[in-house]
Structure formats: C-alpha cells, structure tokens
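A.B. asks: Please read through the structure below; I'll follow up with questions.
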Amino acid sequence: MPSNAERARRIVIERPGGYEALRLVEGEVPAPRPGELRLRVAACGVNYADGIIRMGLYESAKRLHGYPITPGFEVAGVVDALGEGVEGWRVGDRVIGLTLFGGYASHLCLPADRVFALPPRLSFEQGAALPTVFLTAWFMAHRQVHPEPGERWLVHSAAGGVGSALLQLARLAGVEATGVVGAAHKVEAAKAMGARHAIVRGEGDWVAAARALAPSGYHAVFDANGVATLAGSWSLLAPMGKLAVYGFASMLPKDGRVNWLRLAWDWWRTPRFNPLEMTSTNRSVLAANLSFLSAEAPLLRRGMLWLLERFADGRLQPLPVAAFPLLDAAQAHRRIESGQSVGKLVLIP
Ligand SMILES: NC(=O)c1ccc[n+]([C@@H]2O[C@H](COP(=O)([O-])OP(=O)(O)OC[C@H]3O[C@@H](n4cnc5c(N)ncnc54)[C@H](OP(=O)(O)O)[C@@H]3O)[C@@H](O)[C@H]2O)c1
C-alpha cells in the first residue's frame, strides 16, 4: 500500500513532438474503481509504436484516446490494492497488466480481465517485455496465418521485439524461419530466438539471398518495414503464401523528427496489391493492429493464457531486455528508433 506521502509518477505527452515531448509528471496515487486492481509497477514495456504515438502519427492513439497521452501498452508489478468486487487476487501478487496507453507509470488501475499472473520463472522486466510483441505475433501466426509443420516463414526485423516473438512461435510450430535484420550485430540474436538462417539487409541483395534459401518461396512473410521491403516480401511468397503486414517503420525517422515530405513520398510509393493477381496465385495479404483489437478482450485474454502457459513451462523464452529509468523514457525512444536495438526495452519507474 502507498504511504500517505507517496506520489504517483508517469510520463505525459502533452502534444506530439520530438523526444523532449516526453515529460515526467507527479500526481496522486490512483484509487481502484469497482472491478479494478491497482498495480505498483516494477517495469513498463517500450514498443516501437510508443515513438509513433509521441510523433502524433499513431492512428489508434488519435482515434481512441487523443492528447495529452501517457504511452505504454504493458506493465509488470505487484497488486497493491483491490477495488470492490475483485476476487481471486491478493495484495502482493506478481502480475502482468495489459493497458491501452497509460503504461509508462508507477501506479496503474486496470480492470481485472486485463491482469495476468506473472510466471514465477520470469522477472518483472521479462514480464513487462512480453504482452504486446507476443500477442501481436500470436494473433498473426495463430489467428491469421495458421502454421503447419515443415512450412517456411520469412521474418523481417528478426532481432527486434515482434520479430523475436515470431521466430519463437515458428520454432514451436515446427516452421523453418529465416530472419532478415538491418545490421550484422543482430544475426546471433535472431538465431538464438529460432531463425534457421539470417540475412543482413543492406549487405547485398536481401531478396536474392532469401530466394536462394527457399527457391519455391515462403508460406508466410511478416513485414513491419513497409515501403522499404514490401514489394520484395510479396515477390518471395510461394503459391498460397501469406504476406502479414503489421507496420511501416521504414517511413519513419531515426532522429525523432517527422519529415513530412518524405512521409508523403513513401506513402505514395507504398505497394498497393492487386486482387486479380492475388486470386490467380492464391496469395494473400493479411494485416494486423493490436491496439484496434483492444475491444476484443476475450480474444486477447485467450492469447495471453496460451502464451503464459508456454512461458511457464519454458517452451517460450523471455526476450533479452535492456532497462532504462522511467525518467529516461526519451533515451529508450532514441534507442528503439535508432534501428540498432535487439530484443526489448523496458522502463523502471
Ligand atoms: N500492428 C501491430 O499490432 C503491431 C504491434 C507491435 C509492433 N508493431 C510494429 O512492428 C514493428 C516492430 O515493433 P517492435 O516494438 O517489436 O520494435 P523492434 O522490432 O524491436 O524495433 C524496430 C525495428 O524496426 C526496424 N526498422 C525498419 N525501419 C526502421 C526505421 N526507419 N527506424 C527504426 N527502426 C526501423 C529495425 O530493425 P531491422 O533494421 O533489423 O529491420 C528496428 O530495430 C514496428 O514497425 C511496430 O510498429 C505492430
């Protein structure tokens, strides 16, 4: 329980901007409403999307919340108060919480159906690093693509958060995965997460290298780069293959400042897919956005329970995590936007 003098801290973005837009503010420790648990947060996950929210370009942040906004989709910590009517939890339980924004905070009240027991083998940092990237990967892999043993997948940004999660789900399903990474220092990380092969984009022709590894094509390609790789990804699909699109990072800046001219140019030259061609080759495009699935609480809960069962018995492994103090949220954003990070980043309130 918080002492009388204890204050809550959170990061607030008053209006979209560069790294300076992330401000630490203090306030009262919130009281849980009926049906809610209050968590004392030990770690908050950082996602690439948080930077897009800071830049003012994240559609669900604009449509579902607006500014000022506290970013953050996930936390881990301990239960420190129970709202009226909450059953099955005790003060002191170690938990993971799913948030739709608001996660960069020292205390958080969440409805009970967004709270999950943290598997004992995971630290708070590892637990906070898990929900968004693994749920996104689970949704695409198991609700959209439906893997079969022996298939081949190509996974972009394979050493990052979602990429690492996809590689682990591939390994679990008996799928042979090839990872594509943007820098040579990420190759070992991608292989440790389950990539059979790793290709460094920028060292030669990545499409030719991927085709050489799978001449008859890939059953699924997972692409969150957008304009930089989408056409190549599409060209690598086997008949009946599926291109899973879930982000457009290559349109975005690496220095925190939006270049509107470049953004417009990249939007204009992003591939559009032709249903006539898709029909004659049985190839398709799938698309996913976890934050627009937030109303689907039972589905996300099912996905979380499926994932946590596999983390609890060691079939899934926690991602490598780098921690930053909450106060240094800007440093964490710089790091993930640099394109150089491996695994996940978390903030420690
Ligand atoms: N649709 C959804 O529900 C959903 C959910 C979570 C994440 N995402 C998307 O999935 C992608 C990965 O997210 P994450 O949080 O797991 O991040 P991450 O993969 O850990 O880090 C982002 C990675 O994107 C690649 N990248 C490509 N162009 C970039 C650019 N201009 N600036 C910075 N990085 C660039 C870099 O990897 P390489 O250079 O190695 O390719 C970079 O390391 C992001 O695009 C994110 O928006 C979508």
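Chain identifiers are assigned as A, B, and so on, following the order in which chains appear in the structure tokens; residues are numbered from 1 within each chain, and ligands are numbered from 1 in order of appearance.
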Would you mind listing what lies within 6 Å of region 283-294 of chain A as number ranges by chain, with only C-alpha atoms counted and same-chain residues fewer than 3 positions away left out?

C.D. replies: A: 239-246, 278

A.B. asks: With ligand 1 as the partner and 7 Å as the cut-off, tabulate the residues of chain A that qualify, each row holding the nearest pair of atoms and their distance in Å to one decimal, using only C-alpha atoms and all ligand atoms, sorted by chain and rising number, as a tab-separated table.

C.D. replies:
```
residue	atom	partner	partner_atom_place_in_ligand_line	distance
A:Asn47	CA	ligand 1	15 (O)	3.8
A:Tyr48	CA	ligand 1	15 (O)	3.8
A:Ala49	CA	ligand 1	47 (O)	4.7
A:Thr132	CA	ligand 1	6 (C)	6.0
A:Val133	CA	ligand 1	6 (C)	5.4
A:Thr136	CA	ligand 1	5 (C)	5.3
A:His156	CA	ligand 1	41 (O)	5.7
A:Ser157	CA	ligand 1	41 (O)	3.4
A:Ala158	CA	ligand 1	40 (O)	6.2
A:Ala159	CA	ligand 1	40 (O)	6.2
A:Gly160	CA	ligand 1	20 (O)	3.3
A:Gly161	CA	ligand 1	16 (O)	3.3
A:Val162	CA	ligand 1	16 (O)	4.0
A:Gly163	CA	ligand 1	19 (O)	6.1
A:Val180	CA	ligand 1	41 (O)	6.7
A:Val181	CA	ligand 1	40 (O)	3.6
A:Gly182	CA	ligand 1	39 (O)	3.3
A:Ala183	CA	ligand 1	40 (O)	6.0
A:Ala224	CA	ligand 1	45 (O)	4.5
A:Asn225	CA	ligand 1	27 (C)	4.9
A:Tyr246	CA	ligand 1	1 (N)	4.0
A:Gly247	CA	ligand 1	45 (O)	4.2
A:Phe248	CA	ligand 1	45 (O)	5.3
A:Ala249	CA	ligand 1	28 (N)	4.3
A:Ser250	CA	ligand 1	28 (N)	3.6
A:Met251	CA	ligand 1	31 (N)	5.9
A:Leu252	CA	ligand 1	31 (N)	4.7
A:Pro253	CA	ligand 1	31 (N)	5.3
A:Lys254	CA	ligand 1	32 (N)	4.9
A:Ala288	CA	ligand 1	1 (N)	4.8
A:Asn289	CA	ligand 1	3 (O)	3.3
A:Leu290	CA	ligand 1	3 (O)	3.5
A:Ser291	CA	ligand 1	3 (O)	6.0
A:Ile336	CA	ligand 1	21 (O)	5.5
A:Glu337	CA	ligand 1	33 (C)	4.2
A:Ser338	CA	ligand 1	33 (C)	5.3
A:Gly339	CA	ligand 1	43 (O)	3.7
A:Gln340	CA	ligand 1	43 (O)	5.2
A:Ser341	CA	ligand 1	43 (O)	5.3
A:Val342	CA	ligand 1	20 (O)	6.3
A:Gly343	CA	ligand 1	20 (O)	5.8
A:Lys344	CA	ligand 1	20 (O)	5.9
```

A.B. asks: Using only C-alpha atoms, what does the table of region 223-338 of chain A residues within 12 Å of region 5-17 of chain A look like, with each row giving the shortest atom pair and its distance in Å to one decimal, sorted by chain and ascending number, as JSON lines?

C.D. replies:
```
{"residue": "A:Asp255", "atom": "CA", "partner": "A:Gly17", "partner_atom": "CA", "distance": 11.6}
{"residue": "A:Gly256", "atom": "CA", "partner": "A:Gly17", "partner_atom": "CA", "distance": 8.1}
{"residue": "A:Arg257", "atom": "CA", "partner": "A:Gly17", "partner_atom": "CA", "distance": 7.4}
{"residue": "A:Val258", "atom": "CA", "partner": "A:Gly17", "partner_atom": "CA", "distance": 8.6}
{"residue": "A:Pro325", "atom": "CA", "partner": "A:Ile11", "partner_atom": "CA", "distance": 11.4}
{"residue": "A:Leu326", "atom": "CA", "partner": "A:Ile11", "partner_atom": "CA", "distance": 7.6}
{"residue": "A:Leu327", "atom": "CA", "partner": "A:Ile11", "partner_atom": "CA", "distance": 7.9}
{"residue": "A:Asp328", "atom": "CA", "partner": "A:Ile11", "partner_atom": "CA", "distance": 9.9}
{"residue": "A:Ala329", "atom": "CA", "partner": "A:Ile11", "partner_atom": "CA", "distance": 7.8}
{"residue": "A:Ala330", "atom": "CA", "partner": "A:Ile11", "partner_atom": "CA", "distance": 10.0}
```

A.B. asks: Work out how far apart CA of Glu148 (chain A) and CA of His219 (chain A) are and give it in Å to one decimal.

C.D. replies: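 About the pair CA of Glu148 (chain A) and CA of His219 (chain A): they are 9.4 Å apart.
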
A.B. asks: Do a neighbour search on Ala214 (chain A) at 12 Å with only C-alpha atoms, toss out local chain neighbours closer than 6 positions, and write the hits as a tab-separated table (two decimals) with C-alpha atoms, in the first residue's frame.

C.D. replies:
```tsv
chain	number	residue	atom	x	y	z
A	151	GLU	CA	6.46	-24.66	-43.71
A	152	ARG	CA	8.90	-21.82	-44.31
A	153	TRP	CA	8.50	-18.27	-42.96
A	154	LEU	CA	10.48	-15.12	-43.64
A	176	GLU	CA	11.58	-23.22	-40.59
A	177	ALA	CA	12.14	-19.48	-40.21
A	178	THR	CA	14.59	-17.20	-41.97
A	196	ARG	CA	17.49	-21.19	-39.06
A	197	HIS	CA	19.10	-18.61	-41.39
A	207	VAL	CA	15.59	-10.63	-51.87
A	208	ALA	CA	18.07	-12.74	-53.88
A	220	ALA	CA	4.38	-16.60	-44.90
A	236	LEU	CA	9.03	-14.11	-52.21
A	237	LEU	CA	5.68	-15.75	-51.42
A	238	ALA	CA	5.05	-19.33	-52.52
```

A.B. asks: Ranking A:Gly127, A:Pro298, A:Pro215, A:Pro32 by minimum distance to Asp80 (chain A) and counting only C-alpha atoms, which one comes first?

C.D. replies: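 Ranking A:Gly127, A:Pro298, A:Pro215, A:Pro32 by distance to Asp80 (chain A), first place goes to A:Pro32.
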
A.B. asks: So which one's closest to Pro71 (chain A), A:Val86, A:Arg201, A:Thr281, A:Leu347? Using only C-alpha atoms, please.

C.D. replies: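 Of all the options, A:Leu347 lies closest to Pro71 (chain A).
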
A.B. asks: So which residues of region 154-341 of chain A fall under strand (DSSP E) by DSSP, listed as a PyMOL selection string?

C.D. replies: chain A and resi 154-156+176-181+197-200+218-223+237-245+284-287+321-325

A.B. asks: Env of region 107-116 of chain A: 10 Å cut, atoms = only C-alpha atoms, seq-sep filter 5 positions within chain, self excluded. Answer as a VMD selection string.

C.D. replies: chain A and resid 2 7 to 10 28 to 42 74 to 83 85 to 89 93 to 100 102 297 to 298 300 to 301 304 to 305 308 349
